[in-house]
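Okay, input.cif is below, mmCIF, C-alpha atoms:
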data_protein
loop_
_atom_site.group_PDB
_atom_site.id
_atom_site.type_symbol
_atom_site.label_atom_id
_atom_site.label_comp_id
_atom_site.auth_asym_id
_atom_site.auth_seq_id
_atom_site.Cartn_x
_atom_site.Cartn_y
_atom_site.Cartn_z
ATOM 1 C CA MET A 258 120.376 122.612 107.048
ATOM 2 C CA LEU A 259 120.941 119.685 104.726
ATOM 3 C CA GLY A 260 124.123 117.737 104.263
ATOM 4 C CA ALA A 261 124.372 115.174 101.472
ATOM 5 C CA ALA A 262 126.677 112.295 100.707
ATOM 6 C CA ALA A 263 126.145 110.932 97.225
ATOM 7 C CA SER A 264 127.379 107.822 95.482
ATOM 8 C CA ALA A 265 126.281 109.176 92.080
ATOM 9 C CA SER A 266 125.689 112.738 90.960
ATOM 10 C CA ALA A 267 122.277 111.925 89.436
ATOM 11 C CA GLN A 268 120.784 111.300 92.887
ATOM 12 C CA VAL A 269 119.568 114.321 94.832
ATOM 13 C CA ALA A 270 117.894 115.255 98.087
ATOM 14 C CA ILE A 271 114.311 116.488 97.839
ATOM 15 C CA THR A 272 113.292 119.254 100.242
ATOM 16 C CA SER A 273 109.835 120.156 98.915
ATOM 17 C CA SER A 274 106.628 118.193 98.404
ATOM 18 C CA ASN A 275 106.291 120.152 95.132
ATOM 19 C CA ASP A 276 109.550 118.795 93.695
ATOM 20 C CA PRO A 277 109.128 117.842 89.994
ATOM 21 C CA ALA A 278 110.355 114.299 90.774
ATOM 22 C CA LEU A 279 107.138 113.846 92.789
ATOM 23 C CA SER A 280 104.742 115.552 90.351
ATOM 24 C CA VAL A 281 103.056 112.244 89.433
ATOM 25 C CA ALA A 282 103.292 110.470 92.744
ATOM 26 C CA GLY A 283 101.316 108.192 95.020
ATOM 27 C CA LEU A 284 100.385 109.654 98.405
ATOM 28 C CA ILE A 285 99.999 107.961 101.793
ATOM 29 C CA THR A 286 98.398 110.171 104.462
ATOM 30 C CA PHE A 287 97.605 107.486 107.099
ATOM 31 C CA THR A 288 94.059 108.910 107.215
ATOM 32 C CA SER A 289 92.422 105.518 106.644
ATOM 33 C CA SER A 290 94.936 103.608 108.819
ATOM 34 C CA THR A 291 93.594 102.229 112.081
ATOM 35 C CA PRO A 292 95.307 103.915 115.040
ATOM 36 C CA GLY A 293 97.520 101.550 117.033
ATOM 37 C CA THR A 294 100.987 100.040 117.356
ATOM 38 C CA TYR A 295 102.494 98.069 114.463
ATOM 39 C CA LEU A 296 105.669 96.044 113.973
ATOM 40 C CA SER A 297 105.170 96.822 110.284
ATOM 41 C CA LEU A 298 102.403 98.463 108.280
ATOM 42 C CA SER A 299 101.901 97.888 104.543
ATOM 43 C CA LEU A 300 99.974 100.570 102.674
ATOM 44 C CA GLY A 301 99.921 99.984 98.930
ATOM 45 C CA ALA A 302 103.454 99.982 97.516
ATOM 46 C CA VAL A 303 105.120 100.949 100.825
ATOM 47 C CA THR A 304 105.781 98.961 104.011
ATOM 48 C CA PHE A 305 106.698 100.979 107.107
ATOM 49 C CA SER A 306 108.587 99.346 109.998
ATOM 50 C CA GLY A 307 110.549 100.441 113.042
ATOM 51 C CA SER A 308 113.291 98.881 115.154
ATOM 52 C CA SER A 309 110.854 98.870 118.111
ATOM 53 C CA GLY A 310 107.562 99.251 116.249
ATOM 54 C CA LEU A 311 105.604 102.228 114.953
ATOM 55 C CA VAL A 312 102.427 103.983 116.094
ATOM 56 C CA VAL A 313 99.622 105.446 113.982
ATOM 57 C CA GLU A 314 97.783 108.182 115.896
ATOM 58 C CA SER A 315 96.306 111.667 115.559
ATOM 59 C CA LEU A 316 97.108 113.108 119.019
ATOM 60 C CA TYR A 317 99.291 115.871 117.554
ATOM 61 C CA GLY A 318 97.522 116.081 114.172
ATOM 62 C CA GLY A 319 97.867 119.583 112.767
ATOM 63 C CA ASN A 320 101.228 120.062 114.490
ATOM 64 C CA TYR A 321 104.790 118.988 113.655
ATOM 65 C CA ASN A 322 103.993 118.949 109.903
ATOM 66 C CA SER A 323 101.208 116.396 110.281
ATOM 67 C CA ILE A 324 97.551 116.431 109.256
ATOM 68 C CA GLY A 325 95.152 114.106 111.093
ATOM 69 C CA ASN A 326 96.658 110.619 111.423
ATOM 70 C CA TYR A 327 100.447 110.280 111.124
ATOM 71 C CA ILE A 328 102.970 107.572 111.934
ATOM 72 C CA ASN A 329 105.627 107.938 114.630
ATOM 73 C CA ASN A 330 108.531 105.861 115.900
ATOM 74 C CA ASN A 331 106.613 104.307 118.807
ATOM 75 C CA ASN A 332 106.859 107.473 120.903
ATOM 76 C CA ASP A 333 110.688 107.508 120.553
ATOM 77 C CA ALA A 334 111.317 103.774 121.097
ATOM 78 C CA SER A 335 112.562 103.171 117.528
ATOM 79 C CA SER A 336 115.784 104.908 116.514
ATOM 80 C CA LEU A 337 115.455 103.505 112.980
ATOM 81 C CA MET A 338 112.481 103.606 110.598
ATOM 82 C CA THR A 339 112.531 101.551 107.389
ATOM 83 C CA PHE A 340 110.460 102.147 104.252
ATOM 84 C CA SER A 341 110.384 99.127 101.902
ATOM 85 C CA PHE A 342 108.986 99.466 98.377
ATOM 86 C CA SER A 343 107.193 96.678 96.478
ATOM 87 C CA SER A 344 108.665 97.940 93.196
ATOM 88 C CA GLY A 345 111.597 100.208 92.440
ATOM 89 C CA LEU A 346 111.042 103.908 93.065
ATOM 90 C CA ALA A 347 112.446 106.861 91.170
ATOM 91 C CA ALA A 348 111.705 109.237 94.068
ATOM 92 C CA PHE A 349 110.040 109.465 97.489
ATOM 93 C CA GLY A 350 109.680 111.968 100.282
ATOM 94 C CA PHE A 351 107.619 112.913 103.335
ATOM 95 C CA ASN A 352 106.867 115.582 105.906
ATOM 96 C CA TYR A 353 108.601 115.070 109.241
ATOM 97 C CA GLY A 354 108.469 116.834 112.582
ATOM 98 C CA ALA A 355 109.383 117.028 116.274
ATOM 99 C CA THR A 356 113.071 116.129 115.799
ATOM 100 C CA ASP A 357 115.572 117.141 118.488
ATOM 101 C CA ASP A 358 118.469 115.107 117.046
ATOM 102 C CA PRO A 359 119.875 115.015 113.505
ATOM 103 C CA TRP A 360 118.326 112.221 111.370
ATOM 104 C CA THR A 361 119.836 110.609 108.257
ATOM 105 C CA LEU A 362 117.706 109.402 105.350
ATOM 106 C CA SER A 363 119.444 106.732 103.230
ATOM 107 C CA ALA A 364 118.209 105.061 100.034
ATOM 108 C CA TYR A 365 119.361 101.607 98.866
ATOM 109 C CA ASP A 366 118.983 99.488 95.742
ATOM 110 C CA ALA A 367 117.825 95.840 95.697
ATOM 111 C CA GLY A 368 121.407 94.679 96.384
ATOM 112 C CA SER A 369 121.547 96.838 99.573
ATOM 113 C CA ASN A 370 124.012 99.231 97.944
ATOM 114 C CA LEU A 371 123.763 102.807 99.211
ATOM 115 C CA ILE A 372 122.353 105.056 96.487
ATOM 116 C CA TYR A 373 122.261 108.332 98.400
ATOM 117 C CA ALA A 374 122.103 109.697 101.964
ATOM 118 C CA THR A 375 121.162 113.082 103.373
ATOM 119 C CA THR A 376 120.974 114.405 106.926
ATOM 120 C CA VAL A 377 118.445 116.833 108.399
ATOM 121 C CA ALA A 378 119.146 119.079 111.379
ATOM 122 C CA PRO A 379 116.784 119.120 114.392
ATOM 123 C CA ILE A 380 113.632 121.210 113.863
ATOM 124 C CA GLY A 381 111.973 120.868 117.286
ATOM 125 C CA GLY A 382 108.390 122.128 117.307
ATOM 126 C CA SER A 383 108.492 123.705 113.842
ATOM 127 C CA SER A 384 105.547 123.081 111.564
ATOM 128 C CA ALA A 385 106.781 125.023 108.540
ATOM 129 C CA GLY A 386 106.283 122.194 106.034
ATOM 130 C CA GLU A 387 109.663 120.500 106.533
ATOM 131 C CA PHE A 388 110.002 117.768 103.898
ATOM 132 C CA ILE A 389 112.780 115.300 103.080
ATOM 133 C CA GLY A 390 113.195 112.780 100.278
ATOM 134 C CA ILE A 391 115.480 111.345 97.641
ATOM 135 C CA ALA A 392 115.231 111.259 93.843
ATOM 136 C CA SER A 393 117.163 108.622 91.940
ATOM 137 C CA PRO A 394 116.390 108.577 88.218
ATOM 138 C CA SER A 395 119.325 106.275 87.407
ATOM 139 C CA ALA A 396 118.972 103.633 90.165
ATOM 140 C CA ASN A 397 115.773 102.017 91.448
ATOM 141 C CA ILE A 398 115.242 102.613 95.160
ATOM 142 C CA ALA A 399 114.252 99.313 96.834
ATOM 143 C CA TYR A 400 114.134 100.575 100.417
ATOM 144 C CA ALA A 401 115.184 103.472 102.613
ATOM 145 C CA THR A 402 116.065 104.032 106.260
ATOM 146 C CA PHE A 403 115.530 107.086 108.459
ATOM 147 C CA LYS A 404 117.933 106.882 111.410
ATOM 148 C CA ASP A 405 118.400 108.953 114.551
ATOM 149 C CA ASP A 406 122.087 109.934 114.488
ATOM 150 C CA GLY A 407 122.189 110.358 118.264
ATOM 151 C CA GLY A 408 122.229 113.435 120.427
ATOM 152 C CA ILE A 409 120.676 114.844 123.550
ATOM 153 C CA TRP A 410 117.361 113.039 123.078
ATOM 154 C CA PHE A 411 118.525 109.664 121.687
ATOM 155 C CA PRO A 412 116.335 107.917 120.786
ATOM 156 C CA ASP A 413 114.487 110.944 119.472
ATOM 157 C CA TRP A 414 110.729 111.166 118.843
ATOM 158 C CA ILE A 415 109.680 111.811 115.217
ATOM 159 C CA LEU A 416 106.426 112.093 113.241
ATOM 160 C CA VAL A 417 106.086 111.199 109.538
ATOM 161 C CA ASP A 418 103.136 112.132 107.315
ATOM 162 C CA ASN A 419 102.173 112.770 103.681
ATOM 163 C CA PHE A 420 104.494 110.111 102.233
ATOM 164 C CA LYS A 421 104.831 110.665 98.460
ATOM 165 C CA PHE A 422 106.445 108.228 96.017
ATOM 166 C CA THR A 423 107.041 107.925 92.282
ATOM 167 C CA GLU A 424 107.409 104.423 90.871
ATOM 168 C CA VAL A 425 109.900 103.667 88.109
ATOM 169 C CA VAL A 426 108.214 103.613 84.697
ATOM 170 C CA THR A 427 109.576 100.823 82.523
ATOM 171 C CA VAL A 428 109.984 101.859 78.900
ATOM 172 C CA PRO A 429 110.497 99.073 76.333
ATOM 173 C CA GLU A 430 113.964 98.935 74.805
ATOM 174 C CA PRO A 431 114.076 100.150 71.193
ATOM 175 C CA GLY A 432 115.005 96.636 69.984
ATOM 176 C CA SER A 433 112.042 95.056 71.805
ATOM 177 C CA LEU A 434 109.688 97.714 70.483
ATOM 178 C CA SER A 435 110.929 97.211 66.914
ATOM 179 C CA LEU A 436 110.518 93.441 67.227
ATOM 180 C CA CYS A 437 106.966 93.890 68.530
ATOM 181 C CA LEU A 438 106.073 96.253 65.669
ATOM 182 C CA PHE A 439 107.611 93.840 63.130
ATOM 183 C CA ALA A 440 105.540 90.963 64.565
ATOM 184 C CA LEU A 441 102.345 93.023 64.357
ATOM 185 C CA ALA A 442 103.109 94.052 60.762
ATOM 186 C CA THR A 443 103.820 90.436 59.775
ATOM 187 C CA LEU A 444 100.579 89.275 61.398
ATOM 188 C CA GLY A 445 98.641 92.005 59.599
ATOM 189 C CA PHE A 446 100.211 91.051 56.267
ATOM 190 C CA ALA A 447 99.380 87.360 56.820
ATOM 191 C CA VAL A 448 95.766 88.141 57.696
ATOM 192 C CA ARG A 449 95.391 90.372 54.628
ATOM 193 C CA ARG A 450 96.977 87.785 52.325
ATOM 194 C CA ARG A 451 94.626 85.096 53.680
ATOM 195 C CA ARG A 452 91.589 87.283 52.911
ATOM 196 C CA LEU A 453 92.759 87.780 49.333
ATOM 197 C CA THR A 454 93.073 84.011 48.630
#

Show the structure stored in the file as structure tokens.
Amino acid sequence: MLGAAASASAQVAITSSNDPALSVAGLITFTSSTPGTYLSLSLGAVTFSGSSGLVVESLYGGNYNSIGNYINNNNDASSLMTFSFSSGLAAFGFNYGATDDPWTLSAYDAGSNLIYATTVAPIGGSSAGEFIGIASPSANIAYATFKDDGGIWFPDWILVDNFKFTEVVTVPEPGSLSLCLFALATLGFAVRRRRLT
């Protein structure tokens, strides 16, 4: 069950790794990450951190929606995971598993303004492909948090794997594009005129 609280209607929760917002996305599987405990772990455009560290391991690989290596919240020591992005994202999402408490995923812009938040219900031992993410075509996502909302098992143990992300594609403004084309045309005209003299 998903519950969403949005600050703008253009932002939406993603519940499938096949969502169109992630069709051209980067993928982090933790396969090449060295197993161990990390205060933070930077893999390409994403830095993962936890309030009490994170662990990369494969002990439960193949279960809880994980394949091989995955990252967890230091065997339930961290009640908050943070995903920081080196450039603005249009969308991100990941498989998660082993939750016994509700968890809230929140996305923020560079000014720490909440863009969107969504909550997932506990799934226990399910390994049915549970996936959560956020798409934000109108506001660049600078970072996100995944927080244990409390419950019977607080802090709750959670696994994260197959982290997908789509970076914002910057398209030149029409005025800038026109100016660039005008400059190229002027340069071409000047070169041609010089050849004729």

Selection result for the PyMOL selection byres ((chain A and resi 313) around 7) on this file, as a list in words: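 Applying the expression gives Pro292, Gly293, Thr294, Leu311, Val312, Glu314, Asn326, Tyr327, Ile328 and Asn329 of chain A.
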
Long-range neighbours of Gly368 in chain A as number ranges by chain, 12 Å cut-off, all atoms listed in the file, 5 positions minimum in chain: A: 345, 396-400

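Comparing the minimum interatomic distances between Asn370 in chain A and each of A:Phe342, A:Ser309, A:Ala401, A:Thr423, counting all atoms listed in the file, we find that A:Ala401 sits nearest.
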
Who sits within 12 Å of Thr402 in chain A, all atoms listed in the file, same chain under 3 positions skipped, as a ChimeraX atom specification: /A:304-308,335-342,349-350,360-366,369,371-376,390-391,398-399,405-406

Using only C-alpha atoms, please write the residues we just selected to a file, as a PDB file, in the frame of the given file.
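So result_28.pdb came out as:
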ATOM      1  CA  THR A 304     105.781  98.961 104.011  1.00  0.00           C
ATOM      2  CA  PHE A 305     106.698 100.979 107.107  1.00  0.00           C
ATOM      3  CA  SER A 306     108.587  99.346 109.998  1.00  0.00           C
ATOM      4  CA  GLY A 307     110.549 100.441 113.042  1.00  0.00           C
ATOM      5  CA  SER A 308     113.291  98.881 115.154  1.00  0.00           C
ATOM      6  CA  SER A 335     112.562 103.171 117.528  1.00  0.00           C
ATOM      7  CA  SER A 336     115.784 104.908 116.514  1.00  0.00           C
ATOM      8  CA  LEU A 337     115.455 103.505 112.980  1.00  0.00           C
ATOM      9  CA  MET A 338     112.481 103.606 110.598  1.00  0.00           C
ATOM     10  CA  THR A 339     112.531 101.551 107.389  1.00  0.00           C
ATOM     11  CA  PHE A 340     110.460 102.147 104.252  1.00  0.00           C
ATOM     12  CA  SER A 341     110.384  99.127 101.902  1.00  0.00           C
ATOM     13  CA  PHE A 342     108.986  99.466  98.377  1.00  0.00           C
ATOM     14  CA  PHE A 349     110.040 109.465  97.489  1.00  0.00           C
ATOM     15  CA  GLY A 350     109.680 111.968 100.282  1.00  0.00           C
ATOM     16  CA  TRP A 360     118.326 112.221 111.370  1.00  0.00           C
ATOM     17  CA  THR A 361     119.836 110.609 108.257  1.00  0.00           C
ATOM     18  CA  LEU A 362     117.706 109.402 105.350  1.00  0.00           C
ATOM     19  CA  SER A 363     119.444 106.732 103.230  1.00  0.00           C
ATOM     20  CA  ALA A 364     118.209 105.061 100.034  1.00  0.00           C
ATOM     21  CA  TYR A 365     119.361 101.607  98.866  1.00  0.00           C
ATOM     22  CA  ASP A 366     118.983  99.488  95.742  1.00  0.00           C
ATOM     23  CA  SER A 369     121.547  96.838  99.573  1.00  0.00           C
ATOM     24  CA  LEU A 371     123.763 102.807  99.211  1.00  0.00           C
ATOM     25  CA  ILE A 372     122.353 105.056  96.487  1.00  0.00           C
ATOM     26  CA  TYR A 373     122.261 108.332  98.400  1.00  0.00           C
ATOM     27  CA  ALA A 374     122.103 109.697 101.964  1.00  0.00           C
ATOM     28  CA  THR A 375     121.162 113.082 103.373  1.00  0.00           C
ATOM     29  CA  THR A 376     120.974 114.405 106.926  1.00  0.00           C
ATOM     30  CA  GLY A 390     113.195 112.780 100.278  1.00  0.00           C
ATOM     31  CA  ILE A 391     115.480 111.345  97.641  1.00  0.00           C
ATOM     32  CA  ILE A 398     115.242 102.613  95.160  1.00  0.00           C
ATOM     33  CA  ALA A 399     114.252  99.313  96.834  1.00  0.00           C
ATOM     34  CA  ASP A 405     118.400 108.953 114.551  1.00  0.00           C
ATOM     35  CA  ASP A 406     122.087 109.934 114.488  1.00  0.00           C
TER      36      ASP A 406
END

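Take the PyMOL selection byres ((chain A and resi 272) around 10) and apply it to this file: it picks Leu259, Val269, Ala270, Ile271, Ser273, Ser274, Asn275, Asp276, Gly350, Phe351, Asn352, Val377, Gly386, Glu387, Phe388, Ile389, Gly390 and Ile391 of chain A.
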
Point-to-point distance from CA of Gly319 in chain A to CA of Ala278 in chain A, Å rounded to tenths: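 Distance between the two atoms: 25.8 Å.
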
Point-to-point distance in Å for CA of Lys421 in chain A and CA of Val303 in chain A: 10.0 Å

Nearest to Asp418 in chain A, chosen from A:Gly301, A:Pro394, A:Gly381, A:Gly325, with only C-alpha atoms counted in the distances: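 Nearest candidate to Asp418 in chain A out of A:Gly301, A:Pro394, A:Gly381, A:Gly325: A:Gly325.
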
Point-to-point distance from CA of Leu298 in chain A to CA of Glu424 in chain A, Å rounded to tenths: 19.1 Å

Within-12 Å shell of (91.5, 110.3, 102.0) in input frame, only C-alpha atoms, as number ranges by chain: A: 284-290, 324-326, 419

Residues near Tyr321 in chain A, cut-off 7 Å, only C-alpha atoms, skip fewer than 6 positions along chain, as a count of residues only: 5

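Between Phe411 in chain A and the residues A:Ala334, A:Val425, A:Leu316, A:Leu279, the shortest atom-to-atom distance, using all atoms listed in the file, involves A:Ala334.
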
My structure is short of atoms at range 284-300 of chain A; please model N, CA and C atoms there, returning them as a PDB file, in the frame of the given file.
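Now in out-v6.pdb:
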ATOM      1  N   LEU A 284     100.382 108.927  97.138  1.00  0.00           N
ATOM      2  CA  LEU A 284     100.385 109.654  98.405  1.00  0.00           C
ATOM      3  C   LEU A 284      99.783 108.793  99.502  1.00  0.00           C
ATOM      4  N   ILE A 285     100.491 108.672 100.616  1.00  0.00           N
ATOM      5  CA  ILE A 285      99.999 107.961 101.793  1.00  0.00           C
ATOM      6  C   ILE A 285      99.872 108.995 102.914  1.00  0.00           C
ATOM      7  N   THR A 286      98.637 109.179 103.409  1.00  0.00           N
ATOM      8  CA  THR A 286      98.398 110.171 104.462  1.00  0.00           C
ATOM      9  C   THR A 286      98.089 109.536 105.819  1.00  0.00           C
ATOM     10  N   PHE A 287      97.937 108.228 105.879  1.00  0.00           N
ATOM     11  CA  PHE A 287      97.605 107.486 107.099  1.00  0.00           C
ATOM     12  C   PHE A 287      96.190 107.774 107.593  1.00  0.00           C
ATOM     13  N   THR A 288      95.416 108.548 106.826  1.00  0.00           N
ATOM     14  CA  THR A 288      94.059 108.910 107.215  1.00  0.00           C
ATOM     15  C   THR A 288      93.175 107.689 107.426  1.00  0.00           C
ATOM     16  N   SER A 289      93.275 106.705 106.533  1.00  0.00           N
ATOM     17  CA  SER A 289      92.422 105.518 106.644  1.00  0.00           C
ATOM     18  C   SER A 289      93.072 104.395 107.455  1.00  0.00           C
ATOM     19  N   SER A 290      94.257 104.632 108.003  1.00  0.00           N
ATOM     20  CA  SER A 290      94.936 103.608 108.819  1.00  0.00           C
ATOM     21  C   SER A 290      94.334 103.572 110.219  1.00  0.00           C
ATOM     22  N   THR A 291      94.132 102.388 110.735  1.00  0.00           N
ATOM     23  CA  THR A 291      93.594 102.229 112.081  1.00  0.00           C
ATOM     24  C   THR A 291      94.652 102.624 113.108  1.00  0.00           C
ATOM     25  N   PRO A 292      94.338 103.543 114.009  1.00  0.00           N
ATOM     26  CA  PRO A 292      95.307 103.915 115.040  1.00  0.00           C
ATOM     27  C   PRO A 292      95.731 102.692 115.854  1.00  0.00           C
ATOM     28  N   GLY A 293      96.988 102.658 116.242  1.00  0.00           N
ATOM     29  CA  GLY A 293      97.520 101.550 117.033  1.00  0.00           C
ATOM     30  C   GLY A 293      99.001 101.367 116.803  1.00  0.00           C
ATOM     31  N   THR A 294      99.564 100.344 117.456  1.00  0.00           N
ATOM     32  CA  THR A 294     100.987 100.040 117.356  1.00  0.00           C
ATOM     33  C   THR A 294     101.197  98.904 116.368  1.00  0.00           C
ATOM     34  N   TYR A 295     102.202  99.043 115.516  1.00  0.00           N
ATOM     35  CA  TYR A 295     102.494  98.069 114.463  1.00  0.00           C
ATOM     36  C   TYR A 295     103.979  97.707 114.470  1.00  0.00           C
ATOM     37  N   LEU A 296     104.282  96.423 114.245  1.00  0.00           N
ATOM     38  CA  LEU A 296     105.669  96.044 113.973  1.00  0.00           C
ATOM     39  C   LEU A 296     106.014  96.472 112.556  1.00  0.00           C
ATOM     40  N   SER A 297     105.050  96.306 111.637  1.00  0.00           N
ATOM     41  CA  SER A 297     105.170  96.822 110.284  1.00  0.00           C
ATOM     42  C   SER A 297     103.769  97.116 109.775  1.00  0.00           C
ATOM     43  N   LEU A 298     103.685  98.050 108.836  1.00  0.00           N
ATOM     44  CA  LEU A 298     102.403  98.463 108.280  1.00  0.00           C
ATOM     45  C   LEU A 298     102.565  98.627 106.781  1.00  0.00           C
ATOM     46  N   SER A 299     101.841  97.811 106.001  1.00  0.00           N
ATOM     47  CA  SER A 299     101.901  97.888 104.543  1.00  0.00           C
ATOM     48  C   SER A 299     100.709  98.680 104.028  1.00  0.00           C
ATOM     49  N   LEU A 300     101.007  99.726 103.277  1.00  0.00           N
ATOM     50  CA  LEU A 300      99.974 100.570 102.674  1.00  0.00           C
ATOM     51  C   LEU A 300     100.317 100.716 101.197  1.00  0.00           C
TER      52      LEU A 300
END
